[in-house]
Structure formats: C-alpha cells, structure tokens
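Novice: Handing you a structure now.
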Amino acid sequence: PIGEGTKFNASNIQTVNFDIERDASKKITRTFSLNLNKFGRVTGSIANVTLPNALIGYNTGLISNLTIDNVDVTYSNATMDAAILNAETDGGTVKNVTVKNSKLNMTNSVSNAGAVVGELLKNSIISDITVESTTITGGNYAVGGVIGKASNKELTNLSFGGSITSGANRIGGIVAGSFVEKATNLTVQAKINHSSASNYGTKCIGGIVGYSDLATTYKDISFNASDGSYTSEINVGELHDSSTRIYIGGLIGCANNAPIKSGYWKAGSNSKQLK
C-alpha cells in the first residue's frame with residue numbers, strides 16, 4: 001500500500017524504487033521512481049502522499065482507472081518533464097484518470113509540466129481526464145493544467161479546475177504547447193496567473209491552449225464552465241523588458257492555423273460564444 005487507505009496495483013513494471021517515511025504529522029513522505037514498460041498496467045487510487053517527483057517517470061504502458069487525491073509533488077532540481085502523475089508518456093496510454101486536491105510545485109527552470117503528463121509524445125493516447133481543485137506553481141516553459149506539451153494525434157475529454165501561477169513562456173489551462181491534429185471537449189474553470197516576467201521573449205497564454213501548431217482542429221472547448229464555482233481569470237504581471245510580447249486568448253494564446261469549430265469563453269462580465 002502507498003499511504004493510508006490507498007490501493008495501488010501494477011504489473012510488469014520495469015523499475016520501482018520505494019523509500020517510505022512518515023513525518024511528525026504522519027503524512028507520508030517518500031522517494032518514488034517508477035518506469036512503466038509497454039506491458040505495464042497501473043490502476044487503483046493514491047492518496048495523502050508528498051513526493052519529490054512524478055509518481056511515474058517514463059510510461060509506454062497503460063495508466064487507467066486511477067484516482068489521485070491530496071498528492072503534493074515538489075520539483076527542486078529537474079529541468080524537463082514534470083507532473084503529479086507521469087513525467088513523460090511515449091507511445092503509452094493515459095485514460096480515465098482523476099487528480100484532485102493536489103499540488104505541483106516547481107522551480108522556475110522546469111519545462112513541459114502538467115498535472116497529469118509533462119510531455120506526451122507521438123503515438124500516445126490520452127482521454128477522459130479530470131483535474132479538480134489542483135494548483136500548479138512555477139515552471140519556465142510549457143506549463144499546462146493537464147499536459148505541458150502534447151505531440152500525439154488527439155486530445156479527448158480533458159478538464160482542469162484549479163489555478164496555475166507561472167512565468168512560463170507558454171501557459172494553457174489544458175495544454176501549454178499543442179502539436180496535435182484534433183482536440184475535442186476540453187473544459188477549463190481556473191485562474192491563470194502569469195507572474196512578473198523574469199524570462200523574456202514572446203509569451204502565449206490561453207484559457208485552453210497556450211500555443212497551438214500543426215493546424216489542430218478544436219471542437220467543443222470552453223473556458224469557465226458554468227457550474228458556479230468561481231469566475232475564471234487570466235492575469236498578467238508587470239513586464240520588465242520592452243522586447244517582451246504577450247499574446248493572451250480566452251481559448252488559445254497563439255495559434256498557427258488552428259480552426260475552432262465550437263468554443264465558449266467567459267471571464268467576468270464578458271463572454272463570447274463561437275460558432
């Protein structure tokens with residue numbers, strides 16, 4: 001077991017390293033490293049854990065039917081691919097996953113970071129993901145609510161609720177850097193705060209996607225679903241260099257030929273329905 005009342009089932013795992021300790025408050029603190037090969041399977045639930053890195057480092061297998069609750073991950077040294085669940089998926093599958101009441105904290109040197117997957121490579125599959133009441137802080141490049149950078153074929157049924165605070169060059173409520181062909185049913189209700197610009201250059205900040213390339217087709221995407229939790233916001237801090245350019249979009253910050261078939265954006269008293 002990993003924590004009190006926790007179930008964790010895995011088979012054919014390539015590498016597992018456990019070092020479990022309890023602090024004075026009985027909260028579990030542990031060093032965890034797991035790489036999942038193409039025959040590996042992870043299901044179950046994980047709760048009340050503090051970690052120095054993602055639960056799963058490198059995934060080419062299947063992560064499914066998994067619930068993560070109250071898991072805090074703090075990266076202090078990493079520079080690439082950070083997440084609460086999985087740092088990098090390469091040809092693997094991540095589906096039917098819920099992350100809630102959790103935190104991802106990073107130094108300002110980390111690139112490709114998201115609550116569920118840091119970087120999603122070609123031939124990978126992701127679908128039916130829910131992230132709620134979760135905060136993401138820090139990062140330098142490509143910080144997303146669910147995924148940092150996605151280069152697979154399709155994103156389907158992904159939602160993020162919580163907050164992102166970062167000075168990264170790419171920030172998105174679902175994905176910061178999107179290089180996919182198709183994205184369907186993406187929903188965000190979150191506060192996105194771009195901290196004062198310590199790194200310079202062009203910045204792309206979007207309620208759904210920070211930067212979109214490869215002519216991705218978007219359908220049924222919405223920023224601020226009307227469930228009454230709170231009003232979604234995008235806030236930008238003070239700029240310290242005249243060469244810094246920031247592009248902000250309720251749905252997409254920067255887009256290179258990315259048609260939106262249907263989308264909804266609402267922030268404060270301003271809203272716009274796209275048809």
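The way I read the labels, and the way they are meant: chains A, B, ... in the order of the structure tokens, residue 1 as the first residue of every chain, and ligand 1 as the first ligand shown, with later ones counted on from there.
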Which polymer residues have any atom within 10 Å of an atom of stretch 150-153 of chain A, counting only C-alpha atoms, with same-chain residues fewer than 4 positions away left out, as a list of chain:residue names?
Specialist: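 These residues fall inside the cut-off: A:Thr89, A:Asp90, A:Gly91, A:Asn112, A:Val117, A:Gly118, A:Glu119, A:Leu120, A:Leu121, A:Lys122, A:Asn123, A:Ser124, A:Ile125, A:Ile126, A:Ala142, A:Val175, A:Ala176, A:Gly177, A:Ser178, A:Phe179, A:Val180, A:Glu181, A:Lys182, A:Ala183, A:Ser212, A:Asp213, A:Leu214, A:Thr216.
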Novice: Write out, as a PDB file, in the first residue's frame, the residues just selected, with C-alpha atoms.
Specialist:
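Once written, out.pdb looks like this:
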```pdb
ATOM      1  CA  THR A  89       4.379   9.177 -21.989  1.00  0.00           C
ATOM      2  CA  ASP A  90       5.971   7.760 -25.132  1.00  0.00           C
ATOM      3  CA  GLY A  91       3.546   5.562 -27.068  1.00  0.00           C
ATOM      4  CA  ASN A 112       6.986  20.785 -20.054  1.00  0.00           C
ATOM      5  CA  VAL A 117       1.519  14.394 -18.021  1.00  0.00           C
ATOM      6  CA  GLY A 118       4.585  16.579 -18.507  1.00  0.00           C
ATOM      7  CA  GLU A 119       5.193  15.605 -22.129  1.00  0.00           C
ATOM      8  CA  LEU A 120       3.008  13.438 -24.361  1.00  0.00           C
ATOM      9  CA  LEU A 121       4.920  12.101 -27.364  1.00  0.00           C
ATOM     10  CA  LYS A 122       3.760  10.746 -30.723  1.00  0.00           C
ATOM     11  CA  ASN A 123       1.590   7.606 -30.805  1.00  0.00           C
ATOM     12  CA  SER A 124       0.482   8.221 -27.228  1.00  0.00           C
ATOM     13  CA  ILE A 125      -3.190   8.274 -26.215  1.00  0.00           C
ATOM     14  CA  ILE A 126      -4.880  10.420 -23.592  1.00  0.00           C
ATOM     15  CA  ALA A 142       5.169  24.971 -21.427  1.00  0.00           C
ATOM     16  CA  VAL A 175      -2.095  22.147 -22.581  1.00  0.00           C
ATOM     17  CA  ALA A 176       0.666  24.721 -22.939  1.00  0.00           C
ATOM     18  CA  GLY A 177       2.154  23.516 -26.220  1.00  0.00           C
ATOM     19  CA  SER A 178      -0.180  21.664 -28.605  1.00  0.00           C
ATOM     20  CA  PHE A 179       1.092  19.872 -31.722  1.00  0.00           C
ATOM     21  CA  VAL A 180      -1.881  17.528 -32.145  1.00  0.00           C
ATOM     22  CA  GLU A 181      -4.250  17.010 -35.083  1.00  0.00           C
ATOM     23  CA  LYS A 182      -7.543  17.180 -33.211  1.00  0.00           C
ATOM     24  CA  ALA A 183      -8.802  18.264 -29.782  1.00  0.00           C
ATOM     25  CA  SER A 212      -1.149  25.682 -30.971  1.00  0.00           C
ATOM     26  CA  ASP A 213       0.551  24.471 -34.146  1.00  0.00           C
ATOM     27  CA  LEU A 214       0.096  21.898 -36.937  1.00  0.00           C
ATOM     28  CA  THR A 216      -5.123  21.480 -34.947  1.00  0.00           C
TER      29      THR A 216
END
```
Novice: Can you list every residue in stretch 83-262 of chain A that DSSP puts in strand (DSSP E), as JSON, numbers by chain?
Specialist: {"A": [83, 86, 87, 88, 89, 93, 94, 95, 96, 97, 98, 99, 100, 103, 104, 105, 111, 112, 113, 114, 117, 118, 119, 120, 125, 126, 127, 128, 129, 130, 131, 132, 133, 134, 135, 136, 137, 141, 142, 143, 144, 147, 148, 149, 150, 154, 155, 156, 157, 158, 159, 160, 161, 162, 163, 164, 165, 166, 170, 171, 172, 175, 176, 177, 178, 182, 183, 184, 185, 186, 187, 188, 189, 190, 191, 192, 193, 194, 202, 203, 204, 205, 206, 209, 210, 211, 212, 217, 218, 219, 220, 221, 222, 223, 233, 234, 235, 236, 245, 246, 247, 248, 249, 252, 253, 254, 255, 260, 261, 262]}
Novice: Pick out the residues sitting within 9 Å of A:Cys204, and hand them over as a PyMOL selection string; count only C-alpha atoms, and ignore anything fewer than 2 positions along from it in its own chain.
Specialist: chain A and resi 168-172+176+202+206+209-211+245-249+252-254
Novice: Could the residues in this selection be saved with N, CA and C atoms as a PDB file, in the first residue's frame?
Specialist:
```pdb
ATOM      1  N   ALA A 168       6.067  31.155 -17.124  1.00  0.00           N
ATOM      2  CA  ALA A 168       6.483  30.397 -18.307  1.00  0.00           C
ATOM      3  C   ALA A 168       6.113  31.101 -19.608  1.00  0.00           C
ATOM      4  N   ASN A 169       6.834  30.778 -20.664  1.00  0.00           N
ATOM      5  CA  ASN A 169       6.579  31.369 -21.984  1.00  0.00           C
ATOM      6  C   ASN A 169       5.311  30.823 -22.627  1.00  0.00           C
ATOM      7  N   ARG A 170       4.888  29.627 -22.256  1.00  0.00           N
ATOM      8  CA  ARG A 170       3.661  29.029 -22.759  1.00  0.00           C
ATOM      9  C   ARG A 170       2.846  28.542 -21.563  1.00  0.00           C
ATOM     10  N   ILE A 171       1.603  29.015 -21.457  1.00  0.00           N
ATOM     11  CA  ILE A 171       0.717  28.575 -20.382  1.00  0.00           C
ATOM     12  C   ILE A 171      -0.660  28.299 -20.962  1.00  0.00           C
ATOM     13  N   GLY A 172      -1.240  27.144 -20.632  1.00  0.00           N
ATOM     14  CA  GLY A 172      -2.574  26.815 -21.103  1.00  0.00           C
ATOM     15  C   GLY A 172      -3.363  26.071 -20.043  1.00  0.00           C
ATOM     16  N   ALA A 176      -0.100  23.503 -22.641  1.00  0.00           N
ATOM     17  CA  ALA A 176       0.666  24.721 -22.939  1.00  0.00           C
ATOM     18  C   ALA A 176       1.151  24.736 -24.381  1.00  0.00           C
ATOM     19  N   THR A 202       8.665  36.112 -26.560  1.00  0.00           N
ATOM     20  CA  THR A 202       7.242  36.014 -26.835  1.00  0.00           C
ATOM     21  C   THR A 202       6.571  35.021 -25.890  1.00  0.00           C
ATOM     22  N   GLY A 206      -3.187  31.045 -22.864  1.00  0.00           N
ATOM     23  CA  GLY A 206      -4.561  30.785 -23.284  1.00  0.00           C
ATOM     24  C   GLY A 206      -5.364  30.055 -22.234  1.00  0.00           C
ATOM     25  N   VAL A 209      -5.436  26.552 -24.453  1.00  0.00           N
ATOM     26  CA  VAL A 209      -4.137  26.196 -25.039  1.00  0.00           C
ATOM     27  C   VAL A 209      -3.245  27.426 -25.077  1.00  0.00           C
ATOM     28  N   GLY A 210      -1.983  27.259 -24.671  1.00  0.00           N
ATOM     29  CA  GLY A 210      -1.048  28.370 -24.755  1.00  0.00           C
ATOM     30  C   GLY A 210      -0.619  28.630 -26.184  1.00  0.00           C
ATOM     31  N   TYR A 211      -0.021  27.629 -26.806  1.00  0.00           N
ATOM     32  CA  TYR A 211       0.460  27.732 -28.188  1.00  0.00           C
ATOM     33  C   TYR A 211      -0.033  26.521 -28.970  1.00  0.00           C
ATOM     34  N   ARG A 245       6.781  40.268 -25.538  1.00  0.00           N
ATOM     35  CA  ARG A 245       5.449  40.340 -26.121  1.00  0.00           C
ATOM     36  C   ARG A 245       4.591  39.234 -25.545  1.00  0.00           C
ATOM     37  N   ILE A 246       3.393  39.578 -25.115  1.00  0.00           N
ATOM     38  CA  ILE A 246       2.478  38.600 -24.550  1.00  0.00           C
ATOM     39  C   ILE A 246       1.204  38.548 -25.378  1.00  0.00           C
ATOM     40  N   TYR A 247       0.850  37.345 -25.823  1.00  0.00           N
ATOM     41  CA  TYR A 247      -0.396  37.122 -26.551  1.00  0.00           C
ATOM     42  C   TYR A 247      -1.330  36.334 -25.633  1.00  0.00           C
ATOM     43  N   ILE A 248      -2.510  36.888 -25.386  1.00  0.00           N
ATOM     44  CA  ILE A 248      -3.454  36.287 -24.457  1.00  0.00           C
ATOM     45  C   ILE A 248      -4.758  35.987 -25.188  1.00  0.00           C
ATOM     46  N   GLY A 249      -5.271  34.778 -25.004  1.00  0.00           N
ATOM     47  CA  GLY A 249      -6.552  34.416 -25.609  1.00  0.00           C
ATOM     48  C   GLY A 249      -7.432  33.692 -24.616  1.00  0.00           C
ATOM     49  N   ILE A 252      -7.227  30.299 -26.924  1.00  0.00           N
ATOM     50  CA  ILE A 252      -5.875  29.976 -27.368  1.00  0.00           C
ATOM     51  C   ILE A 252      -5.033  31.243 -27.364  1.00  0.00           C
ATOM     52  N   GLY A 253      -3.832  31.165 -26.786  1.00  0.00           N
ATOM     53  CA  GLY A 253      -2.960  32.332 -26.745  1.00  0.00           C
ATOM     54  C   GLY A 253      -2.372  32.654 -28.105  1.00  0.00           C
ATOM     55  N   CYS A 254      -1.683  31.697 -28.713  1.00  0.00           N
ATOM     56  CA  CYS A 254      -1.082  31.849 -30.038  1.00  0.00           C
ATOM     57  C   CYS A 254      -1.492  30.653 -30.885  1.00  0.00           C
TER      58      CYS A 254
END
```
Novice: Can you list, as a PDB file with all heavy atoms, in the first residue's frame, every protein, DNA or RNA residue that comes within 6 Å of A:Thr184 when you count only C-alpha atoms, leaving out same-chain residues fewer than 5 positions away?
Specialist:
```pdb
ATOM      1  N   THR A 156      -8.848  14.211 -26.011  1.00  0.00           N
ATOM      2  CA  THR A 156     -10.287  13.989 -25.919  1.00  0.00           C
ATOM      3  C   THR A 156     -10.759  13.982 -24.468  1.00  0.00           C
ATOM      4  O   THR A 156     -10.203  13.263 -23.633  1.00  0.00           O
ATOM      5  CB  THR A 156     -10.675  12.634 -26.561  1.00  0.00           C
ATOM      6  OG1 THR A 156     -10.147  12.571 -27.887  1.00  0.00           O
ATOM      7  CG2 THR A 156     -12.184  12.466 -26.615  1.00  0.00           C
ATOM      8  N   TYR A 218     -10.118  22.293 -33.316  1.00  0.00           N
ATOM      9  CA  TYR A 218     -10.687  22.281 -31.971  1.00  0.00           C
ATOM     10  C   TYR A 218     -12.211  22.260 -32.042  1.00  0.00           C
ATOM     11  O   TYR A 218     -12.819  22.994 -32.819  1.00  0.00           O
ATOM     12  CB  TYR A 218     -10.228  23.513 -31.185  1.00  0.00           C
ATOM     13  CG  TYR A 218      -8.762  23.515 -30.880  1.00  0.00           C
ATOM     14  CD1 TYR A 218      -7.857  24.141 -31.730  1.00  0.00           C
ATOM     15  CD2 TYR A 218      -8.265  22.864 -29.760  1.00  0.00           C
ATOM     16  CE1 TYR A 218      -6.498  24.129 -31.465  1.00  0.00           C
ATOM     17  CE2 TYR A 218      -6.912  22.848 -29.479  1.00  0.00           C
ATOM     18  CZ  TYR A 218      -6.035  23.479 -30.336  1.00  0.00           C
ATOM     19  OH  TYR A 218      -4.690  23.454 -30.067  1.00  0.00           O
ATOM     20  N   LYS A 219     -12.825  21.424 -31.216  1.00  0.00           N
ATOM     21  CA  LYS A 219     -14.281  21.332 -31.165  1.00  0.00           C
ATOM     22  C   LYS A 219     -14.739  21.190 -29.715  1.00  0.00           C
ATOM     23  O   LYS A 219     -14.164  20.417 -28.948  1.00  0.00           O
ATOM     24  CB  LYS A 219     -14.774  20.134 -31.984  1.00  0.00           C
ATOM     25  CG  LYS A 219     -16.282  19.988 -32.017  1.00  0.00           C
ATOM     26  CD  LYS A 219     -16.706  18.792 -32.857  1.00  0.00           C
ATOM     27  CE  LYS A 219     -18.218  18.657 -32.875  1.00  0.00           C
ATOM     28  NZ  LYS A 219     -18.659  17.481 -33.668  1.00  0.00           N
ATOM     29  N   ASP A 220     -15.765  21.959 -29.355  1.00  0.00           N
ATOM     30  CA  ASP A 220     -16.343  21.894 -28.009  1.00  0.00           C
ATOM     31  C   ASP A 220     -15.291  22.169 -26.935  1.00  0.00           C
ATOM     32  O   ASP A 220     -14.988  21.324 -26.091  1.00  0.00           O
ATOM     33  CB  ASP A 220     -16.998  20.523 -27.766  1.00  0.00           C
ATOM     34  CG  ASP A 220     -18.134  20.241 -28.727  1.00  0.00           C
ATOM     35  OD1 ASP A 220     -18.758  21.209 -29.200  1.00  0.00           O
ATOM     36  OD2 ASP A 220     -18.391  19.066 -29.011  1.00  0.00           O
TER      37      ASP A 220
END
```
Novice: How many Å lie between atom CA of A:Gly161 and atom CA of A:Ala255, rounded to one decimal?
Specialist: 23.0 Å
Novice: One decimal, in Å: what's the spacing between atom CA of A:Gly167 and atom CA of A:Leu55?
Specialist: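 It comes out at 24.7 Å.
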Novice: Taking into account only C-alpha atoms, which residue in the set A:Thr60, A:Thr93, A:Ser76, A:Ser102 is nearest to A:Asn48?
Specialist: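 Nearest to A:Asn48: A:Ser102.
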Novice: Point out the residue among A:Val73, A:Val94, A:Ile260, A:Leu51 with the least atom-to-atom distance to A:Met106, counting only C-alpha atoms.
Specialist: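 Of the candidates, the smallest distance to A:Met106 is held by A:Val73.
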Novice: From the set A:Lys95, A:His194, A:Lys149, A:Lys100, which residue has the shortest atom-to-atom contact distance to A:Ala113, counting only C-alpha atoms?
Specialist: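 Of A:Lys95, A:His194, A:Lys149, A:Lys100, the one nearest A:Ala113, counting only C-alpha atoms, is A:Lys149.
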